[in-house]
$ cat my_file_37.txt   # compact mmCIF, C-alpha atoms
# COMPACT_ATOMS: atom_id res chain seq x y z
CA MET A 1 116.36 120.23 46.04
CA ALA A 2 115.90 117.63 43.29
CA PHE A 3 118.22 115.25 45.13
CA TYR A 4 116.13 115.63 48.31
CA ASP A 5 112.86 114.99 46.43
CA GLU A 6 114.38 111.93 44.73
CA LYS A 7 115.49 110.46 48.09
CA LYS A 8 112.10 111.23 49.63
CA ASN A 9 110.29 109.40 46.79
CA GLU A 10 112.67 106.47 47.13
CA LEU A 11 111.96 106.22 50.88
CA GLN A 12 108.20 106.40 50.29
CA LYS A 13 108.41 103.54 47.77
CA LYS A 14 110.42 101.44 50.25
CA GLU A 15 107.86 102.17 52.99
CA GLU A 16 105.06 101.05 50.67
CA ILE A 17 106.92 97.82 49.85
CA ILE A 18 107.53 97.12 53.54
CA SER A 19 103.92 97.92 54.39
CA GLU A 20 102.67 95.56 51.67
CA ALA A 21 105.01 92.82 52.89
CA MET A 22 103.76 93.24 56.48
CA ASP A 23 100.14 93.11 55.33
CA GLN A 24 100.92 89.97 53.35
CA LEU A 25 102.61 88.38 56.36
CA PHE A 26 99.93 89.21 58.90
CA GLN A 27 96.80 88.93 56.76
CA SER A 28 97.20 86.59 53.82
CA SER A 29 99.89 84.10 54.79
CA ALA A 30 99.65 80.90 56.83
CA PHE A 31 101.18 82.87 59.73
CA GLY A 32 98.39 85.44 59.41
CA ASN A 33 95.78 82.67 59.39
CA LEU A 34 97.34 81.18 62.52
CA ILE A 35 97.24 84.54 64.33
CA SER A 36 93.65 85.15 63.21
CA GLY A 37 92.56 81.68 64.35
CA PHE A 38 94.24 82.14 67.72
CA GLN A 39 92.56 85.53 68.19
CA ASN A 40 89.15 84.04 67.33
CA LEU A 41 89.74 81.21 69.82
CA ILE A 42 90.63 83.66 72.59
CA ASN A 43 87.65 85.90 71.81
CA SER A 44 85.15 83.02 71.78
CA SER A 45 86.57 81.59 75.02
CA LEU A 46 86.29 84.93 76.79
CA THR A 47 82.73 85.48 75.58
CA ASP A 48 81.65 82.34 77.44
CA VAL A 49 83.09 83.49 80.77
CA GLN A 50 82.44 87.21 80.80
CA THR A 51 80.53 88.57 83.74
CA THR A 52 79.22 92.04 84.32
CA VAL A 53 78.41 93.85 87.55
CA ASP A 54 75.91 96.71 87.30
CA LEU A 55 74.92 98.98 90.19
CA ARG A 56 71.52 100.66 90.46
CA GLU A 57 70.83 103.09 93.27
CA ARG A 58 67.15 103.62 94.06
CA ASP A 59 65.18 105.30 96.85
CA THR A 60 64.65 101.89 98.45
CA GLY A 61 68.30 100.84 98.35
CA LEU A 62 71.18 99.59 96.26
CA TYR A 63 70.77 96.89 93.60
CA VAL A 64 73.76 94.99 92.26
CA ASP A 65 73.08 92.91 89.12
CA ILE A 66 75.70 90.23 88.43
CA THR A 67 75.60 88.32 85.16
CA ILE A 68 76.71 84.74 85.80
CA PRO A 69 78.26 82.95 82.78
CA ALA A 70 76.78 79.56 81.90
CA THR A 71 80.07 77.83 82.75
CA PHE A 72 79.68 78.85 86.41
CA ARG A 73 75.93 78.37 86.98
CA ASP A 74 76.35 74.95 88.56
CA GLY A 75 79.28 76.05 90.70
CA ASP A 76 79.69 78.06 93.85
CA ILE A 77 79.09 81.79 94.10
CA VAL A 78 80.78 83.52 97.02
CA VAL A 79 79.84 87.11 97.89
CA ASP A 80 81.94 89.01 100.39
CA ILE A 81 81.69 92.62 101.45
CA ALA A 82 84.54 94.53 103.06
CA SER A 83 84.01 98.22 103.74
CA ARG A 84 82.70 99.63 100.42
CA TYR A 85 84.03 96.77 98.29
CA LEU A 86 81.93 93.92 96.95
CA HIS A 87 83.91 90.79 96.04
CA VAL A 88 82.16 88.14 93.92
CA THR A 89 83.94 84.84 93.33
CA LEU A 90 82.61 82.23 90.92
CA GLN A 91 84.01 78.72 91.26
CA GLU A 92 83.37 75.66 89.11
CA LYS A 93 84.67 72.11 89.50
CA GLN A 94 84.46 69.83 86.47
CA LYS A 95 85.08 66.09 86.83
CA GLN A 96 86.05 63.85 83.94
CA GLN A 97 86.66 60.17 84.75
CA HIS A 98 89.92 60.23 86.76
CA GLU A 99 90.64 63.94 86.85
CA ALA A 100 89.06 67.18 87.94
CA SER A 101 89.62 70.77 86.91
CA PHE A 102 88.84 73.89 88.89
CA THR A 103 88.01 77.27 87.42
CA SER A 104 87.45 80.44 89.37
CA MET A 105 86.90 84.09 88.61
CA THR A 106 86.71 87.04 90.98
CA ARG A 107 85.30 90.49 90.39
CA THR A 108 85.65 93.37 92.83
CA VAL A 109 83.48 96.48 92.66
CA GLN A 110 83.55 99.61 94.79
CA LEU A 111 80.08 100.44 96.08
CA PRO A 112 78.83 104.03 96.38
CA TYR A 113 78.46 103.65 100.16
CA GLU A 114 78.99 101.04 102.86
CA VAL A 115 76.45 98.23 103.11
CA ARG A 116 76.05 95.36 105.53
CA GLN A 117 76.29 91.82 104.20
CA GLU A 118 73.74 90.57 106.72
CA ASP A 119 71.11 92.94 105.22
CA MET A 120 71.66 91.55 101.71
CA GLU A 121 68.72 89.99 99.85
CA THR A 122 69.35 87.82 96.78
CA SER A 123 67.20 87.01 93.76
CA TRP A 124 67.66 85.35 90.35
CA ASN A 125 66.36 86.21 86.88
CA GLU A 126 67.63 83.86 84.16
CA GLN A 127 71.42 84.35 84.17
CA THR A 128 71.47 87.39 86.46
CA MET A 129 71.82 87.31 90.23
CA THR A 130 70.60 90.50 91.92
CA LEU A 131 71.82 91.57 95.33
CA PHE A 132 69.70 94.13 97.15
CA PHE A 133 70.83 96.22 100.12
CA PRO A 134 67.94 98.17 101.72
CA LYS A 135 68.69 101.86 102.17
CA HIS A 136 67.10 102.30 105.60
CA LYS A 137 69.38 99.71 107.16
CA HIS A 138 72.71 101.31 106.28
CA GLU A 139 72.12 105.04 106.49
$ encode --input "my_file_37.txt" --output "structure tokens"
Amino acid sequence: MAFYDEKKNELQKKEEIISEAMDQLFQSSAFGNLISGFQNLINSSLTDVQTTVDLRERDTGLYVDITIPATFRDGDIVVDIASRYLHVTLQEKQKQQHEASFTSMTRTVQLPYEVRQEDMETSWNEQTMTLFFPKHKHE
């Protein structure tokens, strides 16, 4: 039993050493700083282009609030409805002297019931585009 306890303690000490070395590598070293910087870059880039789609069902109809990121506000917004699916595509073209870059993002949301695109009404409030589908026209 003493031999078993001795080996167990030895393994625990080795695990602690390895754990400390891993922490040192991924948190305190230049490699850790590089990983942290890369993660911060990715997070800040994604914050600028995140969009949300919120559905609100009311007695009058269905409201769909779409948050449009600043990077896409001067671009094209394409809304397409197929069956119960709403597809929103944001497209942006940026020109710089002799070159152009294109960015696009698509979100697809399942609606609670079928709506008709031709009944859709659109409005804006700061960075949010609201689509409204009257209830009486699709029941």
$ atom_distance --input "my_file_37.txt" --atom1 "atom CA of Met105 of chain A" --atom2 "atom CA of Lys135 of chain A"
28.8 Å
$ atom_distance --input "my_file_37.txt" --atom1 "atom CA of His87 of chain A" --atom2 "atom CA of Pro69 of chain A"
16.4 Å
$ atom_distance --input "my_file_37.txt" --atom1 "atom CA of Lys95 of chain A" --atom2 "atom CA of Asp76 of chain A"
14.9 Å
$ residues_around --input "my_file_37.txt" --residues "Tyr113 of chain A" --least-positions-apart "4" --cutoff "12 Å" --atoms "only C-alpha atoms" --output "list in words"
Leu55, Glu57, Gly61, Leu62, Ile81, Ala82, Ser83, Arg84, Tyr85, Leu86, Val109, Phe133, Pro134, Lys135, His138 and Glu139 of chain A
$ closest_residue --input "my_file_37.txt" --among "A:Lys8, A:Ala2, A:Glu20, A:Gln127" --to "Gln50 of chain A" --atoms "all atoms listed in the file"
A:Gln127
$ axis_aligned_box --input "my_file_37.txt" --around "segment 12-18 of chain A" --padding-each-side "6 Å" --output "lines of an AutoDock Vina configuration file"
center_x = 107.7
center_y = 101.8
center_z = 50.7
size_x = 17.4
size_y = 21.3
size_z = 17.8
$ closest_residue --input "my_file_37.txt" --among "A:Ser19, A:Thr106, A:Thr130, A:Thr67" --to "Val88 of chain A" --atoms "all atoms listed in the file"
A:Thr106
$ residues_around --input "my_file_37.txt" --residues "Phe102 of chain A" --least-positions-apart "5" --cutoff "9 Å" --atoms "all atoms listed in the file" --output "PyMOL selection string"
chain A and resi 91-95
$ build_atoms --input "my_file_37.txt" --residues "segment 76-96 of chain A" --atoms "N, CA, C and O atoms" --output "JSON list (two decimals), in the frame of the given file"
[["chain", "number", "residue", "atom", "x", "y", "z"],
["A", 76, "ASP", "N", 79.90, 77.29, 92.64],
["A", 76, "ASP", "CA", 79.69, 78.06, 93.85],
["A", 76, "ASP", "C", 79.84, 79.55, 93.55],
["A", 76, "ASP", "O", 80.70, 79.95, 92.77],
["A", 77, "ILE", "N", 79.01, 80.33, 94.21],
["A", 77, "ILE", "CA", 79.09, 81.79, 94.10],
["A", 77, "ILE", "C", 79.32, 82.32, 95.51],
["A", 77, "ILE", "O", 78.50, 82.09, 96.41],
["A", 78, "VAL", "N", 80.43, 82.99, 95.71],
["A", 78, "VAL", "CA", 80.78, 83.52, 97.02],
["A", 78, "VAL", "C", 80.74, 85.05, 96.95],
["A", 78, "VAL", "O", 81.41, 85.65, 96.11],
["A", 79, "VAL", "N", 79.95, 85.65, 97.82],
["A", 79, "VAL", "CA", 79.84, 87.11, 97.89],
["A", 79, "VAL", "C", 80.40, 87.55, 99.22],
["A", 79, "VAL", "O", 80.02, 87.03, 100.27],
["A", 80, "ASP", "N", 81.32, 88.50, 99.18],
["A", 80, "ASP", "CA", 81.94, 89.01, 100.39],
["A", 80, "ASP", "C", 81.99, 90.52, 100.31],
["A", 80, "ASP", "O", 82.29, 91.08, 99.25],
["A", 81, "ILE", "N", 81.68, 91.16, 101.42],
["A", 81, "ILE", "CA", 81.69, 92.62, 101.45],
["A", 81, "ILE", "C", 82.67, 93.08, 102.53],
["A", 81, "ILE", "O", 82.61, 92.62, 103.67],
["A", 82, "ALA", "N", 83.58, 93.95, 102.13],
["A", 82, "ALA", "CA", 84.54, 94.53, 103.06],
["A", 82, "ALA", "C", 84.55, 96.03, 102.82],
["A", 82, "ALA", "O", 84.90, 96.49, 101.73],
["A", 83, "SER", "N", 84.12, 96.78, 103.84],
["A", 83, "SER", "CA", 84.01, 98.22, 103.74],
["A", 83, "SER", "C", 83.08, 98.57, 102.59],
["A", 83, "SER", "O", 81.93, 98.16, 102.61],
["A", 84, "ARG", "N", 83.55, 99.28, 101.57],
["A", 84, "ARG", "CA", 82.70, 99.63, 100.42],
["A", 84, "ARG", "C", 82.99, 98.76, 99.22],
["A", 84, "ARG", "O", 82.63, 99.10, 98.09],
["A", 85, "TYR", "N", 83.65, 97.63, 99.41],
["A", 85, "TYR", "CA", 84.03, 96.77, 98.29],
["A", 85, "TYR", "C", 83.23, 95.48, 98.30],
["A", 85, "TYR", "O", 83.13, 94.80, 99.33],
["A", 86, "LEU", "N", 82.67, 95.16, 97.15],
["A", 86, "LEU", "CA", 81.93, 93.92, 96.95],
["A", 86, "LEU", "C", 82.82, 92.98, 96.16],
["A", 86, "LEU", "O", 83.29, 93.33, 95.07],
["A", 87, "HIS", "N", 83.09, 91.80, 96.71],
["A", 87, "HIS", "CA", 83.91, 90.79, 96.04],
["A", 87, "HIS", "C", 82.99, 89.63, 95.67],
["A", 87, "HIS", "O", 82.32, 89.06, 96.55],
["A", 88, "VAL", "N", 82.95, 89.27, 94.40],
["A", 88, "VAL", "CA", 82.16, 88.14, 93.92],
["A", 88, "VAL", "C", 83.12, 87.13, 93.33],
["A", 88, "VAL", "O", 83.89, 87.46, 92.42],
["A", 89, "THR", "N", 83.09, 85.90, 93.85],
["A", 89, "THR", "CA", 83.94, 84.84, 93.33],
["A", 89, "THR", "C", 83.06, 83.73, 92.79],
["A", 89, "THR", "O", 82.14, 83.26, 93.49],
["A", 90, "LEU", "N", 83.32, 83.34, 91.55],
["A", 90, "LEU", "CA", 82.61, 82.23, 90.92],
["A", 90, "LEU", "C", 83.58, 81.07, 90.82],
["A", 90, "LEU", "O", 84.71, 81.24, 90.36],
["A", 91, "GLN", "N", 83.14, 79.89, 91.27],
["A", 91, "GLN", "CA", 84.01, 78.72, 91.26],
["A", 91, "GLN", "C", 83.27, 77.56, 90.63],
["A", 91, "GLN", "O", 82.10, 77.31, 90.93],
["A", 92, "GLU", "N", 83.96, 76.80, 89.78],
["A", 92, "GLU", "CA", 83.37, 75.66, 89.11],
["A", 92, "GLU", "C", 84.35, 74.50, 89.16],
["A", 92, "GLU", "O", 85.53, 74.67, 88.88],
["A", 93, "LYS", "N", 83.85, 73.32, 89.51],
["A", 93, "LYS", "CA", 84.67, 72.11, 89.50],
["A", 93, "LYS", "C", 84.08, 71.17, 88.46],
["A", 93, "LYS", "O", 82.88, 70.88, 88.48],
["A", 94, "GLN", "N", 84.91, 70.74, 87.53],
["A", 94, "GLN", "CA", 84.46, 69.83, 86.47],
["A", 94, "GLN", "C", 85.22, 68.52, 86.61],
["A", 94, "GLN", "O", 86.44, 68.51, 86.65],
["A", 95, "LYS", "N", 84.46, 67.41, 86.71],
["A", 95, "LYS", "CA", 85.08, 66.09, 86.83],
["A", 95, "LYS", "C", 84.95, 65.34, 85.51],
["A", 95, "LYS", "O", 83.90, 65.38, 84.87],
["A", 96, "GLN", "N", 86.03, 64.70, 85.13],
["A", 96, "GLN", "CA", 86.05, 63.85, 83.94],
["A", 96, "GLN", "C", 86.80, 62.59, 84.29],
["A", 96, "GLN", "O", 88.01, 62.62, 84.49]]
